[in-house]
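These notes concern the structure reproduced below.
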Amino acid sequence: MVRALPVVLVGNVGNPVERLTSLFDAHHDRLYRLGRRLAPSADDALDLVQETFLRAARFPKSIPVGEVNEEAWLVRVLINIRRDQWRKLSVSDRHEKAELAGGHLASTAPDPEAALIAKSVVWQALNVLPPRRRAIVVMCELEGLAIPAIAALLGITAITVRWHLSMGRRDLTRALKP
């Protein structure tokens, strides 16, 4: 069955389901072709397109009106999702290489004395940080709290938490260098 592509009009903005359907019909093929060029497999490209439309469904009011603008928005979202995936892969690759280079294996039990010394050095480095930054680093890295939870606890925005976390990590790297 051949479906006619609906025209997205300003009046269609009111119904998010219809708008998302029309966006999907109008832009799915183009996004898949782009995703196929960016992703290593067809399944990964389909996942990219699916995640793009999930973001569009979560934030329908952020999609600009007009075929050119909405396509540009969808393309930007798809590219940003892929960049995030590349960053995650890069970080995990760096950690794997560091473990192999250092001879560390996850299955080996650490020396208790070395662990105590390492813990002491890390806490000394943490004490160099300003109080808010230290609290954010400890909550995120040591206690495993999510950024939105930290923001809610401290009464600040998530962006501020991310900034303090980034700066804290940078400061800790400098403090822990031999």
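Residues in the structure tokens are numbered from 1 in each chain, the chains being A, B, ... in the order shown, and ligands are numbered from 1 in the order shown.
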
Who sits within 12 Å of Trp163 (chain A), only C-alpha atoms, same chain under 6 positions skipped, as a ChimeraX atom specification: /A:132-133,136-137,147,151,156-157,169-170

Keeping C-alpha atoms, export the residues of the selection given above as an mmCIF file, in the first residue's frame.
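New file again29.cif:
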```cif
data_model
loop_
_atom_site.group_PDB
_atom_site.id
_atom_site.type_symbol
_atom_site.label_atom_id
_atom_site.label_comp_id
_atom_site.auth_asym_id
_atom_site.auth_seq_id
_atom_site.Cartn_x
_atom_site.Cartn_y
_atom_site.Cartn_z
ATOM 1 C CA ARG A 132 31.644 22.175 46.243
ATOM 2 C CA ARG A 133 33.801 20.621 43.528
ATOM 3 C CA ILE A 136 30.431 16.739 43.403
ATOM 4 C CA VAL A 137 33.403 14.545 42.480
ATOM 5 C CA ILE A 147 24.244 14.049 37.720
ATOM 6 C CA ALA A 151 22.019 18.718 41.060
ATOM 7 C CA ILE A 156 22.146 23.700 41.283
ATOM 8 C CA THR A 157 21.645 22.908 37.601
ATOM 9 C CA ARG A 169 38.625 15.624 37.249
ATOM 10 C CA ARG A 170 41.092 17.958 35.549
#
```

Please run DSSP on the backbone and report, as a PDB file with N, CA and C atoms, in the first residue's frame, all residues within region 29-68 of chain A that come out as helix (DSSP H, G or I).
```pdb
ATOM      1  N   ASP A  29      13.949   7.624   5.388  1.00  0.00           N
ATOM      2  CA  ASP A  29      14.907   7.098   4.412  1.00  0.00           C
ATOM      3  C   ASP A  29      16.204   7.901   4.397  1.00  0.00           C
ATOM      4  N   ARG A  30      16.089   9.197   4.419  1.00  0.00           N
ATOM      5  CA  ARG A  30      17.276  10.050   4.408  1.00  0.00           C
ATOM      6  C   ARG A  30      18.115   9.825   5.650  1.00  0.00           C
ATOM      7  N   LEU A  31      17.468   9.742   6.808  1.00  0.00           N
ATOM      8  CA  LEU A  31      18.203   9.524   8.053  1.00  0.00           C
ATOM      9  C   LEU A  31      18.862   8.143   8.061  1.00  0.00           C
ATOM     10  N   TYR A  32      18.170   7.145   7.503  1.00  0.00           N
ATOM     11  CA  TYR A  32      18.759   5.807   7.460  1.00  0.00           C
ATOM     12  C   TYR A  32      20.010   5.812   6.578  1.00  0.00           C
ATOM     13  N   ARG A  33      19.941   6.474   5.427  1.00  0.00           N
ATOM     14  CA  ARG A  33      21.110   6.536   4.540  1.00  0.00           C
ATOM     15  C   ARG A  33      22.283   7.228   5.240  1.00  0.00           C
ATOM     16  N   LEU A  34      21.999   8.302   5.953  1.00  0.00           N
ATOM     17  CA  LEU A  34      23.049   8.988   6.699  1.00  0.00           C
ATOM     18  C   LEU A  34      23.595   8.090   7.809  1.00  0.00           C
ATOM     19  N   GLY A  35      22.687   7.451   8.538  1.00  0.00           N
ATOM     20  CA  GLY A  35      23.104   6.545   9.606  1.00  0.00           C
ATOM     21  C   GLY A  35      23.934   5.389   9.078  1.00  0.00           C
ATOM     22  N   ARG A  36      23.601   4.925   7.887  1.00  0.00           N
ATOM     23  CA  ARG A  36      24.338   3.810   7.285  1.00  0.00           C
ATOM     24  C   ARG A  36      25.770   4.220   6.959  1.00  0.00           C
ATOM     25  N   ARG A  37      25.961   5.500   6.597  1.00  0.00           N
ATOM     26  CA  ARG A  37      27.309   5.986   6.327  1.00  0.00           C
ATOM     27  C   ARG A  37      28.109   6.176   7.615  1.00  0.00           C
ATOM     28  N   LEU A  38      27.426   6.465   8.697  1.00  0.00           N
ATOM     29  CA  LEU A  38      28.119   6.741   9.963  1.00  0.00           C
ATOM     30  C   LEU A  38      28.332   5.495  10.814  1.00  0.00           C
ATOM     31  N   ALA A  42      24.127  -2.173   9.290  1.00  0.00           N
ATOM     32  CA  ALA A  42      22.755  -1.737   9.026  1.00  0.00           C
ATOM     33  C   ALA A  42      21.941  -1.688  10.316  1.00  0.00           C
ATOM     34  N   ASP A  43      22.171  -2.648  11.195  1.00  0.00           N
ATOM     35  CA  ASP A  43      21.444  -2.658  12.476  1.00  0.00           C
ATOM     36  C   ASP A  43      21.797  -1.434  13.319  1.00  0.00           C
ATOM     37  N   ASP A  44      23.069  -1.058  13.323  1.00  0.00           N
ATOM     38  CA  ASP A  44      23.477   0.133  14.068  1.00  0.00           C
ATOM     39  C   ASP A  44      22.860   1.386  13.468  1.00  0.00           C
ATOM     40  N   ALA A  45      22.748   1.413  12.140  1.00  0.00           N
ATOM     41  CA  ALA A  45      22.119   2.559  11.482  1.00  0.00           C
ATOM     42  C   ALA A  45      20.639   2.638  11.855  1.00  0.00           C
ATOM     43  N   LEU A  46      19.966   1.499  11.887  1.00  0.00           N
ATOM     44  CA  LEU A  46      18.558   1.484  12.304  1.00  0.00           C
ATOM     45  C   LEU A  46      18.410   1.943  13.753  1.00  0.00           C
ATOM     46  N   ASP A  47      19.352   1.541  14.602  1.00  0.00           N
ATOM     47  CA  ASP A  47      19.324   1.984  16.001  1.00  0.00           C
ATOM     48  C   ASP A  47      19.498   3.502  16.096  1.00  0.00           C
ATOM     49  N   LEU A  48      20.384   4.052  15.273  1.00  0.00           N
ATOM     50  CA  LEU A  48      20.577   5.506  15.256  1.00  0.00           C
ATOM     51  C   LEU A  48      19.289   6.230  14.863  1.00  0.00           C
ATOM     52  N   VAL A  49      18.640   5.739  13.820  1.00  0.00           N
ATOM     53  CA  VAL A  49      17.392   6.359  13.362  1.00  0.00           C
ATOM     54  C   VAL A  49      16.323   6.232  14.440  1.00  0.00           C
ATOM     55  N   GLN A  50      16.245   5.058  15.060  1.00  0.00           N
ATOM     56  CA  GLN A  50      15.250   4.848  16.118  1.00  0.00           C
ATOM     57  C   GLN A  50      15.496   5.804  17.282  1.00  0.00           C
ATOM     58  N   GLU A  51      16.736   5.942  17.699  1.00  0.00           N
ATOM     59  CA  GLU A  51      17.055   6.849  18.803  1.00  0.00           C
ATOM     60  C   GLU A  51      16.749   8.295  18.436  1.00  0.00           C
ATOM     61  N   THR A  52      16.988   8.655  17.174  1.00  0.00           N
ATOM     62  CA  THR A  52      16.673  10.002  16.705  1.00  0.00           C
ATOM     63  C   THR A  52      15.187  10.284  16.841  1.00  0.00           C
ATOM     64  N   PHE A  53      14.353   9.350  16.398  1.00  0.00           N
ATOM     65  CA  PHE A  53      12.911   9.570  16.480  1.00  0.00           C
ATOM     66  C   PHE A  53      12.397   9.448  17.920  1.00  0.00           C
ATOM     67  N   LEU A  54      13.093   8.687  18.754  1.00  0.00           N
ATOM     68  CA  LEU A  54      12.728   8.667  20.179  1.00  0.00           C
ATOM     69  C   LEU A  54      12.969  10.035  20.810  1.00  0.00           C
ATOM     70  N   ARG A  55      14.075  10.658  20.445  1.00  0.00           N
ATOM     71  CA  ARG A  55      14.339  12.005  20.963  1.00  0.00           C
ATOM     72  C   ARG A  55      13.314  13.001  20.444  1.00  0.00           C
ATOM     73  N   ALA A  56      12.933  12.828  19.178  1.00  0.00           N
ATOM     74  CA  ALA A  56      11.894  13.702  18.614  1.00  0.00           C
ATOM     75  C   ALA A  56      10.578  13.497  19.349  1.00  0.00           C
ATOM     76  N   ALA A  57      10.278  12.262  19.726  1.00  0.00           N
ATOM     77  CA  ALA A  57       9.033  11.989  20.455  1.00  0.00           C
ATOM     78  C   ALA A  57       9.094  12.547  21.874  1.00  0.00           C
ATOM     79  N   ARG A  58      10.276  12.520  22.490  1.00  0.00           N
ATOM     80  CA  ARG A  58      10.417  13.040  23.854  1.00  0.00           C
ATOM     81  C   ARG A  58      10.330  14.555  23.902  1.00  0.00           C
ATOM     82  N   PRO A  60       8.911  16.998  21.394  1.00  0.00           N
ATOM     83  CA  PRO A  60       8.256  17.417  20.148  1.00  0.00           C
ATOM     84  C   PRO A  60       8.230  18.929  19.951  1.00  0.00           C
ATOM     85  N   LYS A  61       8.231  19.689  21.029  1.00  0.00           N
ATOM     86  CA  LYS A  61       8.163  21.148  20.884  1.00  0.00           C
ATOM     87  C   LYS A  61       9.488  21.759  20.459  1.00  0.00           C
ATOM     88  N   SER A  62      10.560  21.005  20.553  1.00  0.00           N
ATOM     89  CA  SER A  62      11.859  21.550  20.158  1.00  0.00           C
ATOM     90  C   SER A  62      12.129  21.391  18.663  1.00  0.00           C
ATOM     91  N   GLU A  67       9.758  21.922   6.567  1.00  0.00           N
ATOM     92  CA  GLU A  67      10.414  20.682   6.161  1.00  0.00           C
ATOM     93  C   GLU A  67      11.934  20.769   6.210  1.00  0.00           C
ATOM     94  N   VAL A  68      12.502  21.881   5.748  1.00  0.00           N
ATOM     95  CA  VAL A  68      13.957  22.026   5.747  1.00  0.00           C
ATOM     96  C   VAL A  68      14.482  22.098   7.178  1.00  0.00           C
TER      97      VAL A  68
END
```

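Among the candidates A:Ala114, A:Gly155, A:Leu126, A:Val138, the one nearest to Leu176 (chain A) when counting only C-alpha atoms is A:Leu126.
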
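With only C-alpha atoms taken into account, the protein and nucleic acid residues at most 10 Å from Val122 (chain A) (excluding it and anything under 5 positions from it in its own chain) are Leu116, Ile117, Asn127, Leu172, Ala175 and Leu176 of chain A.
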
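Remark: for Val75 (chain A), the closest of the candidate residues A:Val161, A:Glu113, A:Leu23, A:Asp93 is A:Leu23 (distances computed over only C-alpha atoms).
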
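For the set A:Pro148, A:Gly66, A:Pro40, A:Pro130, the residue with the smallest atom-to-atom gap to Met167 (chain A) is A:Pro130, counting only C-alpha atoms.
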
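The gap separating CA of Ala135 (chain A) from CA of Asp111 (chain A) is 27.9 Å, in Å to one decimal.
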
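A straight line drawn from CA of Pro112 (chain A) to CA of Val128 (chain A) is 24.9 Å long.
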